[in-house]
Amino acid sequence: MTLAAGIDVGTGAVKTAIFRVGDGKEEWLSRATLRIRQRDPMELAREAFERTLEDAGLKEEDLDYIATTGEGESIPFHTGHFYSMTAHARGAQFLNPETRAVLDCGALHGRAIITDERGKVLKYKMTSQCASGSGQFLENIARYLGIAQDEIGKLSLQADDPEAVSSICAVLAETDVINMVSRGISAPNILKGIHLSMASRLARLLKSIGVGNSLVMVTGGLAKDEGLVAAMNEELAKIKGVDAKVISHPDSIYAGAIGAALWGAFRFDKLAASGQLLKAS
Amino acid sequence: MNTTAKASKAEVIKDASMLKQKEMMAKHYERLANAEANGEKVVSTFVPGNLNELLMCFDLVNNLPEVNAIQSGLRRQSGAYVMEAEKSGHSEDVCTYVKSDIGMMAKGNIGPNGKKLPNPDVLMLSYTGCFTFMKWFELLREQYKCETIFLQTPYMADGRITPNMIQYMVKQFKEDVIPKLEAVSGVKFDIDRLREYLRKSAQAEEDLVYILQSSKRRPSPIDAYFGGIYYIGPIFGAFRGTDDAIDYYRFLRQEVDQRIAAGLGPVTPDGQMGEEKYRLVVEGPPNYTNFRQFWKMFYEEGAVVVASSYTKVGGTYDFGFRHDPDRPLESLAEYCLGVYTNRSLPMRIEMLVNYINEYEADGLLINSIKSCNSFSAGQLLIMREVEKRTGKPAAFIETDLVDPRYFSAANVKNRLESYFQMVEQKRGGAGKGVAA
Amino acid sequence: MKTFVGIDLGSTTTKAVLLDEKTQVLGRGITNSRSNYDTACRVASQEAVIDARFTLFRRELGSGDGDSGQIEEFLGALERAFRLEQFLEQLNDLERTCLEQVRGERFARLGDGVREAITEVFRQLREEAPALFAPGATRKSDFFRDIAGSRYLTIAETVARDAGLPYDLLLNVYDKSIIAVENRPPSGQLSDKFHAALKRVTREDTGMNETFREAVERALGIELEETYLVGTGYGRVTLPFSKEHIRSEILCHGLGAHMMYPGTRTVLDIGGQDTKGIQVDENGIVENFQMNDRCAAGCGRYLGYIADEMNMGLHELGPLAMKSGKPARINSTCTVFAGAELRDRLALGEKREDILAGLHRAIILRAMSIISRSGGITDQFTFTGGVAKNEAAVRELKKLVVENYGEVTINIDPDSIYTGALGAAEFARRAAEGRMEGVEA
Amino acid sequence: MSTPQTSEIVARCQALYEDLNFTAAREWKEAEPGRKVIGFMPIYIPREIIHAAGMLPLGILGGGDQLEVIHGDAYYQSYICRIPRSTIELGVSGRLDFVDGMLFPSICDVIRNLSGMWKVMFPGVYSKYFDVPQNYEDEVGGRFYVNEMAEFRRDLEEMAGRKITDDDLRRSIGLYNRNRRLIRELYALRARTPWKAPAAEVYLVVRAGLVLPVEEHSALLEQYIAAAEAEDRPIRDNCRIVLTGMFCEQPPLNLIKSLELAGCYIVDDDLLLVTRWLIDDVPLDGDPLHNLSQAFLHQSESTAAKYEPDQEEKGKFLVRAVKRTGAEGVIFAAPSFCDPALLDRPMLQNVLTRANIPFIAFKYAENSGQMQPIREQAGTFADSIKLWSAA
Ligand SMILES: Nc1ncnc2c1ncn2[C@@H]1O[C@H](COP(=O)(O)OP(=O)(O)O)[C@@H](O)[C@H]1O
Ligand SMILES: Nc1ncnc2c1ncn2[C@@H]1O[C@H](COP(=O)(O)OP(=O)(O)O)[C@@H](O)[C@H]1O
Ligand code: SF4
Ligand code: SF4
Ligand code: SF4
């Protein structure tokens, strides 16, 4: 039996997960998530990690491998680091084994990943420079509109005449939105407009890496946003030669942490088998 | 179309040239659509440095991807095409003309008449004034796997055409371009046929120059940018060297003469333009996705464009160049070398300065196109220099040719209004003396 | 008396200036721009009127033979009292709105807990309010949204924890309500509030005497007639005015800067979303201008994101950056990624003040490019817009101006944020005089 | 003199790299009266002709990530790449005031237009747009190119006040042949044992050649190769990649370092192409200009800057590079807003896909500061090659 923890330090939140792996089983013991709000992410990572240990009834020295991902490279107590797309691909695979593509929508970047049945990253692409299609932007707008995170999706689904956000820049788009409000456009239509513009960017990413007709799992902070998922499906349906379906999972936000933990266990076993035993921390 | 202005006499005659152009375009697209059925071979080529007369010598039908992109822009389809190209892996950063074309191919290559455009039998890559052309046709070649003929036009970097340049181009014609065109088309090259076409070109060119220079008058009878774009269509496209082009420019010249006689200004999509308040020289291509809206921002404020550089991309005729039947290949070379975007930056500055002076303009407006490095890189220096040399103010706006995402109406309008108000204020201020 | 109003509807703030017939500034008002331009204009104008009243008080009091120190002390007390009245009024409105919010179905299942928590938050807010307006107190900002907001968030965090409620919930109630409150046009009679403030001052016994009261009453009696109004600014296209009441912000900034410093030849304005370089002639007439392109990198909003990220007030950024000895080299001024860059660098162990100083330098570098585009700097150079309030930005600017253009006079007015509105007010005055100089109606 | 360590050599090169005032070139010029320096931009210039005139060819590759660009930005819209603006900044700020001439090779519209801008902005300086043929027939493009070079030679003769003899040219060609040979050797060394010659070091060492006289640079290359071979360095569990697509604006050094940190050994690249443009020795006998022209037409590197007349050959050079160096993948890194590089990329990617070679792609600017996204992408690429190659 191998015990491994995954710590995913994002720009929006820290996510942790602990797994017990062995005998062909992958057992998810505990989890935690903490929003990063004006606090040192490294401190938060420690805090989330402690909570996860406590919930699993474990101590740090029980663990065989502590894997970080995301921006967790500099966490002092890790055993190894996996890059975030590596981790998300594996995490999504765990959440739904049918997954062949992953769309990681975080606070600043969107990442599209094509995987195989083992969670191997075959191809991927990230959104570039400009941030108008980012989670951060959506969050800002929602705050401006006075809408809570978990309401965004539901409201967006009610849109009847989405208003396109034209600006390429998040700052200018903010003004666009302010103009919309003053023109009396309803919140659902505004949100849906933003969702569609984000979705269209993400769909382009997916298409450009050859998504074909895979099942696409959304992971990351925005996975909970059913409005975005719906918009994604609409945008993908518009693309010729693509017959992909986008789904989410209640635990999608943990995909990075899950993937890191599972790869950690995998790596530990592999190294153990070759006689190079590792010691956590 | 606004129908209220249709009643005036000028309108009716105006329609003669417009109808002629419409009919020419429709016929051409029809010919393209039926090329395969009719056993005609199709050549794709570019506007700047296009060799229409030469291509006609081989009975090739001329298809211009740039013009298709413009059409897609005007029809508001380019946005989707550009996105399509980006979906298939093209960068957001690069020229949207290319992406519009590639997206259009991916979406079935439907022309403006709703019929499928034919696959080219040959790509005539006249690489004039823009490096992007090279990549564009490499991409098309990858798709169509057809013969690609390459014609390099050296850049007029030092403001002059050297014998080495002419020699290089003529050599390319003789040793590469013509033999390959003969092979593709199965038609033997006949230099006398070329001479005849060139003669016709020169005739139409004469009228075009007359029309474009009519804007030196006050009020200007034409808008040399928004209107000018329609006027250059036939001669920059598939009609140079044809009788159709001769007729079209004759009609147009008559219409312009009538407007001059009546003391009228340009006709806009909303009818006869009101008082001419500002005279501008414009540098840079227009925006096609919001063409009407863009134009309206000018004529609403009483601004008329009296000269533009964009109407020189398919050939610079106003400095005296004409296609010359007596020196056929040399004159084709000179034509390619002389197009606006193949002129060095100092030459462009000089040209714009002269336009401002000769056409008595209030200033320079630069429409900087995100897509087009050939035009845009260096425009801010052009602006500075033209201001310095003419003492007239310049304004700078940014849009794109066919990518609607880069047209921000509020932004453009804000700058234009500020600019017009500034010109106005300066005029008022100049006579006022020192204020409080 | 006749007044001429200029309103500058900026992307971040809306400013109003009231001029009298002698081109003297009577009052200035500012508020944050919001979704409802109409309201923003009304609030800013009202603020300018309030400020104008204080000018009139000062004029009335000054015409008597009072001791000037005493007068200033009194006016200071009166102003604080007035602001406190205003604050409490808005606070009450906010509380009502918040309580209405939680009647919605979303909160039904949480029962009375939420209502109690909110009441508790507001109780504490009210309790500490007088201290916020005590003599010498510094506030995070002058806008209700900012003052109330930051205190609400702090208090709500503790209250939520104690009550076992999710903090995000209280946050959301606030977000929803503040919009409603902000977008309600100002109501109630100003004179009532002045009287209430007077009463408060009387109670506090700040050496007010009957002459003072009479002077104030006299000043309140003067009618302020809005003779002509001109609007300008980013929201110009959507301004609630007709075309003859609108001027381009470029012209207004040029003219405004000229009025403040008649020797001005170059103006730099850094606002929330745009940076402008303007060249004017000896009459304040614009000769040339350049603005940032469509990318809003390096404008004032950038500082806003940074301030949010650090949970600091905008006016605290400058002083912190001034402490840096070794500014970090920052190349990207993308507003949206500013926060990420900040975190990145903090994680690498760079000091907050060094990063901040680097960010300020980056903004100014961009502004320098825009000035360079518009034709460089000639004597005198005037810096306007909200960012001119930021000392760290000013320091970098001064350094770079000297390095690139030599010793030129650099003007920065404490009221530089009102430059556009001032120019607009002057256009209004000229328009009313029939001097439609330079601009066609 | 004892053989220096790699660290000493690299430190010297790094200092040259960071010196935005080109002190080394200034010193060279001042050392003897009448010396002249000719600056050139990427991508290819026959440096031999400049050298034969007794002048120093000086590579001007933009301002990197340390130059504060103020005036340069005033001349360019935000959607144009960085290199022209930082180059203008170098000019306007007086950092190039010792340069007697500037060459703008034919590579794209941006550099092409910059040649005209230079004429307007710095009227006292010799400036030339250096047009190269895209037609590779000896009699057509070859003839044109020889004539262009002859014109350039005449210009330089005028500046130098003396003739450039064929023997001068031959001697210079010989020196540059040796320099190119050494660089090829260095690249081969790195491809064999990438841990011995980290990409950032190789870059710095080669880049020094753009500011040093060729004789001096060749000696430096020799020293570095010897030192690198001799030094023991730990081998890391990295994958091997070919880095391509950057042919003009150079990435910041941090980007190159980040790639190796994220687990990718760079075993081939197209950085600083001018130093390796000609892939074989240029013959010394016969007419030197003709030989240079022949080498250009028939023995030169394939890049996005060139038209590939043969559709079949398009992109094959990359596949060959991967095979030659035993690479496991390709990383495309292109300057943001670089039309030629970015338009070329999909075609090259199609070739790689057909050849079953994995690749990733991203953009950068010479002053990119945020390496996090790049590390992440390269790291994932390395992860995917490493984790699963065994699984
Ligand atoms: N409960 C939620 N519902 C909707 N969106 C959320 C929720 N929680 C977080 N987010 C969004 O997710 C983003 C953070 O995602 P995350 O995956 O942590 O980003 P990253 O991995 O880039 O740090 C935030 O910007 C926020 O918009
Ligand atoms: N007290 C202050 N200290 C520092 N910066 C400030 C202050 N007030 C405003 N600013 C800056 O000024 C910007 C707004 O400037 P302003 O001229 O009002 O813009 P706009 O006209 O676009 O609304 C803000 O984004 C902020 O960065
Ligand atoms: S356009 Fe906006 S999001 Fe994009 S780089 Fe500029 S400021 Fe950032
Ligand atoms: S870069 Fe300009 S000239 Fe070249 S293809 Fe694009 S739009 Fe045309
Ligand atoms: S980076 Fe690309 S676009 Fe920029 S100058 Fe170089 S080749 Fe041209």
# chains A, B, ... in the order shown; residues from 1 in each chain; ligands from 1
$ residues_near_ligand --ligand "ligand 5" --cutoff "7 Å" --atoms "only C-alpha atoms and all ligand atoms" --output "PyMOL selection string"
chain D and resi 80-84+107-111+248-249+335+337-341
$ interface_residues --of "chain C" --to "chain A" --cutoff "6 Å" --atoms "only C-alpha atoms" --output "list in words"
Ser35, Asn36, Asn172, Asp175 and Lys176 of chain C
$ residues_near_ligand --ligand "ligand 2" --cutoff "8 Å" --atoms "only C-alpha atoms and all ligand atoms" --output "PyMOL selection string"
chain C and resi 8-15+32-33+141+233-234+269-274+299-304+314-318+384-391+417-418
$ write_last_selection --atoms "N, CA, C and O atoms" --output "compact mmCIF listing (two decimals), in the first residue's frame"
# COMPACT_ATOMS: atom_id res chain seq x y z
N ASP C 8 -16.63 65.66 -15.84
CA ASP C 8 -15.72 64.73 -16.52
C ASP C 8 -16.08 63.34 -16.08
O ASP C 8 -15.81 62.94 -14.96
N LEU C 9 -16.72 62.62 -16.98
CA LEU C 9 -17.17 61.28 -16.64
C LEU C 9 -16.06 60.31 -17.01
O LEU C 9 -15.96 59.86 -18.14
N GLY C 10 -15.20 60.03 -16.05
CA GLY C 10 -14.06 59.16 -16.31
C GLY C 10 -14.44 57.70 -16.18
O GLY C 10 -15.54 57.37 -15.75
N SER C 11 -13.51 56.85 -16.56
CA SER C 11 -13.81 55.43 -16.47
C SER C 11 -13.82 54.99 -15.02
O SER C 11 -14.46 54.01 -14.67
N THR C 12 -13.11 55.69 -14.18
CA THR C 12 -13.01 55.30 -12.78
C THR C 12 -13.76 56.28 -11.89
O THR C 12 -14.51 55.88 -11.01
N THR C 13 -13.52 57.55 -12.13
CA THR C 13 -14.17 58.54 -11.28
C THR C 13 -14.87 59.57 -12.14
O THR C 13 -14.49 59.82 -13.29
N THR C 14 -15.91 60.16 -11.56
CA THR C 14 -16.62 61.24 -12.23
C THR C 14 -16.36 62.51 -11.43
O THR C 14 -16.49 62.52 -10.21
N LYS C 15 -15.93 63.54 -12.15
CA LYS C 15 -15.55 64.77 -11.49
C LYS C 15 -16.42 65.91 -11.97
O LYS C 15 -16.80 65.93 -13.15
N ASN C 32 -17.08 57.89 -7.54
CA ASN C 32 -16.63 56.85 -8.46
C ASN C 32 -17.67 56.65 -9.56
O ASN C 32 -18.86 56.69 -9.33
N SER C 33 -17.16 56.44 -10.75
CA SER C 33 -18.07 56.20 -11.88
C SER C 33 -18.74 54.86 -11.65
O SER C 33 -18.18 53.98 -11.02
N SER C 141 -10.27 56.18 1.65
CA SER C 141 -10.64 56.86 0.42
C SER C 141 -11.76 57.83 0.80
O SER C 141 -12.19 57.85 1.94
N GLY C 233 -15.21 63.31 -21.13
CA GLY C 233 -14.70 62.11 -20.49
C GLY C 233 -15.00 60.84 -21.24
O GLY C 233 -15.69 60.83 -22.26
N TYR C 234 -14.45 59.80 -20.70
CA TYR C 234 -14.52 58.47 -21.29
C TYR C 234 -15.94 58.07 -21.64
O TYR C 234 -16.24 57.53 -22.68
N ASP C 269 -1.86 63.04 -18.98
CA ASP C 269 -2.98 62.68 -18.13
C ASP C 269 -3.02 61.17 -18.01
O ASP C 269 -3.14 60.48 -19.01
N ILE C 270 -2.90 60.67 -16.79
CA ILE C 270 -3.07 59.23 -16.61
C ILE C 270 -4.34 58.99 -15.82
O ILE C 270 -4.44 59.35 -14.65
N GLY C 271 -5.31 58.46 -16.49
CA GLY C 271 -6.58 58.17 -15.84
C GLY C 271 -6.71 56.68 -15.60
O GLY C 271 -5.73 55.95 -15.62
N GLY C 272 -7.91 56.26 -15.38
CA GLY C 272 -8.15 54.87 -15.05
C GLY C 272 -7.86 53.93 -16.20
O GLY C 272 -7.24 52.90 -16.03
N GLN C 273 -8.32 54.30 -17.39
CA GLN C 273 -8.16 53.38 -18.51
C GLN C 273 -7.43 53.98 -19.67
O GLN C 273 -7.26 53.36 -20.70
N ASP C 274 -7.09 55.23 -19.58
CA ASP C 274 -6.29 55.74 -20.68
C ASP C 274 -5.24 56.71 -20.21
O ASP C 274 -5.33 57.31 -19.15
N CYS C 299 -2.32 51.72 -17.13
CA CYS C 299 -3.12 52.87 -16.77
C CYS C 299 -3.46 52.81 -15.27
O CYS C 299 -3.05 51.89 -14.58
N GLY C 300 -4.24 53.77 -14.84
CA GLY C 300 -4.53 53.86 -13.41
C GLY C 300 -5.19 52.62 -12.83
O GLY C 300 -4.93 52.22 -11.70
N ARG C 301 -6.01 52.00 -13.63
CA ARG C 301 -6.73 50.83 -13.15
C ARG C 301 -5.75 49.74 -12.68
O ARG C 301 -6.05 48.93 -11.81
N TYR C 302 -4.61 49.76 -13.31
CA TYR C 302 -3.54 48.83 -12.97
C TYR C 302 -3.20 48.96 -11.48
O TYR C 302 -3.08 47.97 -10.76
N LEU C 303 -3.07 50.19 -11.04
CA LEU C 303 -2.80 50.42 -9.62
C LEU C 303 -3.96 49.92 -8.77
O LEU C 303 -3.77 49.43 -7.66
N GLY C 304 -5.16 50.08 -9.33
CA GLY C 304 -6.34 49.59 -8.61
C GLY C 304 -6.26 48.09 -8.36
O GLY C 304 -6.50 47.62 -7.24
N LEU C 314 -5.76 52.89 -2.39
CA LEU C 314 -4.98 53.41 -3.51
C LEU C 314 -3.93 54.40 -3.05
O LEU C 314 -2.81 54.40 -3.52
N HIS C 315 -4.33 55.25 -2.09
CA HIS C 315 -3.38 56.30 -1.71
C HIS C 315 -2.29 55.78 -0.79
O HIS C 315 -1.40 56.52 -0.42
N GLU C 316 -2.35 54.51 -0.44
CA GLU C 316 -1.26 53.95 0.38
C GLU C 316 -0.14 53.36 -0.47
O GLU C 316 0.95 53.09 0.02
N LEU C 317 -0.45 53.12 -1.76
CA LEU C 317 0.54 52.48 -2.63
C LEU C 317 1.78 53.33 -2.79
O LEU C 317 2.90 52.86 -2.63
N GLY C 318 1.56 54.62 -3.11
CA GLY C 318 2.67 55.52 -3.35
C GLY C 318 3.65 55.55 -2.19
O GLY C 318 4.84 55.27 -2.37
N THR C 384 -1.53 65.55 -15.03
CA THR C 384 -2.87 65.58 -14.48
C THR C 384 -3.45 64.17 -14.39
O THR C 384 -2.83 63.20 -14.82
N GLY C 385 -4.65 64.08 -13.84
CA GLY C 385 -5.32 62.79 -13.71
C GLY C 385 -5.08 62.19 -12.34
O GLY C 385 -4.24 62.66 -11.56
N GLY C 386 -5.82 61.14 -12.06
CA GLY C 386 -5.79 60.55 -10.73
C GLY C 386 -4.41 60.09 -10.30
O GLY C 386 -4.04 60.21 -9.13
N VAL C 387 -3.63 59.58 -11.24
CA VAL C 387 -2.35 59.02 -10.86
C VAL C 387 -1.36 60.12 -10.42
O VAL C 387 -0.40 59.85 -9.72
N ALA C 388 -1.66 61.37 -10.78
CA ALA C 388 -0.80 62.47 -10.34
C ALA C 388 -0.82 62.62 -8.83
O ALA C 388 0.01 63.32 -8.25
N LYS C 389 -1.79 61.99 -8.19
CA LYS C 389 -1.84 62.04 -6.74
C LYS C 389 -0.85 61.08 -6.10
O LYS C 389 -0.70 61.06 -4.89
N ASN C 390 -0.28 60.24 -6.93
CA ASN C 390 0.56 59.18 -6.38
C ASN C 390 2.02 59.61 -6.38
O ASN C 390 2.62 59.81 -7.44
N GLU C 391 2.58 59.77 -5.21
CA GLU C 391 3.91 60.37 -5.11
C GLU C 391 4.99 59.50 -5.75
O GLU C 391 5.97 60.02 -6.30
N ILE C 417 -6.75 66.04 -10.57
CA ILE C 417 -7.74 65.07 -11.05
C ILE C 417 -8.94 65.79 -11.67
O ILE C 417 -9.66 65.23 -12.48
N TYR C 418 -9.09 67.08 -11.33
CA TYR C 418 -10.24 67.84 -11.85
C TYR C 418 -9.94 68.58 -13.15
O TYR C 418 -10.76 69.37 -13.60
$ select_by_dssp --residues "stretch 45-237 of chain A" --states "helix (DSSP H, G or I)" --output "ChimeraX atom specification"
/A:45-56,60-62,72-74,84-95,135-145,149-157,170-182,187-208,221-224,226-237
$ interface_residues --of "chain D" --to "chain A" --cutoff "12 Å" --atoms "only C-alpha atoms" --output "MDAnalysis selection string"
chainID D and resid 261:263 329 336:337 346 349:350 353 356:365 368:391
$ residues_around --residues "stretch 118-131 of chain C" --least-positions-apart "5" --cutoff "8 Å" --atoms "only C-alpha atoms" --output "JSON, numbers by chain"
{"C": [84, 88, 91, 95, 98, 99, 137, 148, 151, 152, 155, 156, 159, 170]}
$ write_last_selection --atoms "N, CA and C atoms" --output "PDB file, in the first residue's frame"
ATOM      1  N   LEU C  84     -19.910  63.218   8.138  1.00  0.00           N
ATOM      2  CA  LEU C  84     -20.403  62.165   9.016  1.00  0.00           C
ATOM      3  C   LEU C  84     -21.916  61.986   8.822  1.00  0.00           C
ATOM      4  N   LEU C  88     -23.565  58.538   7.608  1.00  0.00           N
ATOM      5  CA  LEU C  88     -24.560  57.800   8.381  1.00  0.00           C
ATOM      6  C   LEU C  88     -25.829  57.592   7.571  1.00  0.00           C
ATOM      7  N   LEU C  91     -25.140  54.877   5.251  1.00  0.00           N
ATOM      8  CA  LEU C  91     -25.009  53.630   5.987  1.00  0.00           C
ATOM      9  C   LEU C  91     -26.389  53.054   6.299  1.00  0.00           C
ATOM     10  N   GLU C  95     -27.856  49.507   5.106  1.00  0.00           N
ATOM     11  CA  GLU C  95     -28.363  48.477   6.012  1.00  0.00           C
ATOM     12  C   GLU C  95     -29.752  48.030   5.579  1.00  0.00           C
ATOM     13  N   CYS C  98     -29.407  45.876   2.577  1.00  0.00           N
ATOM     14  CA  CYS C  98     -28.867  44.563   2.910  1.00  0.00           C
ATOM     15  C   CYS C  98     -29.951  43.681   3.510  1.00  0.00           C
ATOM     16  N   LEU C  99     -30.708  44.253   4.400  1.00  0.00           N
ATOM     17  CA  LEU C  99     -31.732  43.450   5.071  1.00  0.00           C
ATOM     18  C   LEU C  99     -32.799  43.010   4.084  1.00  0.00           C
ATOM     19  N   ALA C 137      -8.155  62.157  11.452  1.00  0.00           N
ATOM     20  CA  ALA C 137      -8.293  60.746  11.065  1.00  0.00           C
ATOM     21  C   ALA C 137      -8.019  60.594   9.574  1.00  0.00           C
ATOM     22  N   ALA C 148     -16.944  52.358   3.532  1.00  0.00           N
ATOM     23  CA  ALA C 148     -17.879  51.414   4.127  1.00  0.00           C
ATOM     24  C   ALA C 148     -17.461  49.996   3.767  1.00  0.00           C
ATOM     25  N   ARG C 151     -14.421  48.513   5.723  1.00  0.00           N
ATOM     26  CA  ARG C 151     -14.760  48.256   7.133  1.00  0.00           C
ATOM     27  C   ARG C 151     -15.771  47.116   7.233  1.00  0.00           C
ATOM     28  N   TYR C 152     -16.739  47.116   6.338  1.00  0.00           N
ATOM     29  CA  TYR C 152     -17.742  46.051   6.345  1.00  0.00           C
ATOM     30  C   TYR C 152     -17.061  44.693   6.231  1.00  0.00           C
ATOM     31  N   ILE C 155     -15.193  43.784   9.453  1.00  0.00           N
ATOM     32  CA  ILE C 155     -16.083  43.445  10.570  1.00  0.00           C
ATOM     33  C   ILE C 155     -16.835  42.147  10.274  1.00  0.00           C
ATOM     34  N   ALA C 156     -17.295  42.041   9.000  1.00  0.00           N
ATOM     35  CA  ALA C 156     -18.102  40.869   8.662  1.00  0.00           C
ATOM     36  C   ALA C 156     -17.310  39.576   8.859  1.00  0.00           C
ATOM     37  N   VAL C 159     -17.635  38.758  12.503  1.00  0.00           N
ATOM     38  CA  VAL C 159     -19.033  38.456  12.835  1.00  0.00           C
ATOM     39  C   VAL C 159     -19.428  37.106  12.244  1.00  0.00           C
ATOM     40  N   LEU C 170     -21.937  36.938   3.456  1.00  0.00           N
ATOM     41  CA  LEU C 170     -22.053  38.337   3.861  1.00  0.00           C
ATOM     42  C   LEU C 170     -21.410  39.250   2.829  1.00  0.00           C
TER      43      LEU C 170
END
$ closest_atom_pairs --of "chain C" --to "chain D" --cutoff "7 Å" --atoms "only C-alpha atoms" --output "CSV"
residue,atom,partner,partner_atom,distance
C:Asn331,CA,D:Gly369,CA,6.2
C:Leu365,CA,D:Ile70,CA,6.0
C:Arg366,CA,D:Ile70,CA,6.9
C:Met368,CA,D:Ile70,CA,6.0
C:Ser369,CA,D:Ile70,CA,4.8
C:Ile370,CA,D:Ala74,CA,6.1
C:Ser372,CA,D:Ala74,CA,5.7
C:Arg373,CA,D:Ala74,CA,4.5
$ write_last_selection --atoms "N, CA, C and O atoms" --output "PDB file, in the first residue's frame"
ATOM      1  N   ASN C 331       8.524  44.251 -16.685  1.00  0.00           N
ATOM      2  CA  ASN C 331       8.364  44.543 -18.102  1.00  0.00           C
ATOM      3  C   ASN C 331       6.924  44.526 -18.566  1.00  0.00           C
ATOM      4  O   ASN C 331       6.573  45.197 -19.506  1.00  0.00           O
ATOM      5  N   LEU C 365       6.960  54.510 -17.461  1.00  0.00           N
ATOM      6  CA  LEU C 365       7.680  54.259 -18.710  1.00  0.00           C
ATOM      7  C   LEU C 365       6.715  54.256 -19.882  1.00  0.00           C
ATOM      8  O   LEU C 365       6.988  54.785 -20.950  1.00  0.00           O
ATOM      9  N   ARG C 366       5.588  53.628 -19.664  1.00  0.00           N
ATOM     10  CA  ARG C 366       4.598  53.586 -20.738  1.00  0.00           C
ATOM     11  C   ARG C 366       4.080  54.973 -21.053  1.00  0.00           C
ATOM     12  O   ARG C 366       3.911  55.340 -22.211  1.00  0.00           O
ATOM     13  N   MET C 368       5.678  57.651 -20.663  1.00  0.00           N
ATOM     14  CA  MET C 368       6.742  58.377 -21.358  1.00  0.00           C
ATOM     15  C   MET C 368       6.713  58.076 -22.856  1.00  0.00           C
ATOM     16  O   MET C 368       6.986  58.948 -23.675  1.00  0.00           O
ATOM     17  N   SER C 369       6.396  56.833 -23.187  1.00  0.00           N
ATOM     18  CA  SER C 369       6.315  56.487 -24.607  1.00  0.00           C
ATOM     19  C   SER C 369       5.182  57.240 -25.280  1.00  0.00           C
ATOM     20  O   SER C 369       5.304  57.665 -26.426  1.00  0.00           O
ATOM     21  N   ILE C 370       4.097  57.365 -24.556  1.00  0.00           N
ATOM     22  CA  ILE C 370       2.955  58.048 -25.170  1.00  0.00           C
ATOM     23  C   ILE C 370       3.265  59.529 -25.346  1.00  0.00           C
ATOM     24  O   ILE C 370       2.958  60.122 -26.381  1.00  0.00           O
ATOM     25  N   SER C 372       6.222  60.679 -25.786  1.00  0.00           N
ATOM     26  CA  SER C 372       7.172  60.713 -26.880  1.00  0.00           C
ATOM     27  C   SER C 372       6.434  60.640 -28.217  1.00  0.00           C
ATOM     28  O   SER C 372       6.761  61.340 -29.165  1.00  0.00           O
ATOM     29  N   ARG C 373       5.412  59.813 -28.270  1.00  0.00           N
ATOM     30  CA  ARG C 373       4.600  59.709 -29.479  1.00  0.00           C
ATOM     31  C   ARG C 373       3.942  61.021 -29.844  1.00  0.00           C
ATOM     32  O   ARG C 373       3.779  61.352 -31.001  1.00  0.00           O
TER      33      ARG C 373
END
$ interface_residues --of "chain B" --to "chain D" --cutoff "6 Å" --atoms "only C-alpha atoms" --output "PyMOL selection string"
chain B and resi 93-94+131+168+344-346+373-374+377+380-381
$ atom_distance --atom1 "atom CA of B:Arg193" --atom2 "atom CA of B:Thr242"
11.9 Å
$ interface_residues --of "chain A" --to "chain B" --cutoff "7 Å" --atoms "only C-alpha atoms" --output "ChimeraX atom specification"
/A:166,204-205,207-208
$ write_last_selection --atoms "C-alpha atoms" --output "PDB file, in the first residue's frame"
ATOM      1  CA  SER A 166     -16.187  42.265 -27.822  1.00  0.00           C
ATOM      2  CA  ARG A 204     -10.491  27.052 -30.275  1.00  0.00           C
ATOM      3  CA  LEU A 205      -7.842  25.620 -28.016  1.00  0.00           C
ATOM      4  CA  LYS A 207      -9.980  22.207 -31.725  1.00  0.00           C
ATOM      5  CA  SER A 208      -6.419  23.228 -32.366  1.00  0.00           C
TER       6      SER A 208
END
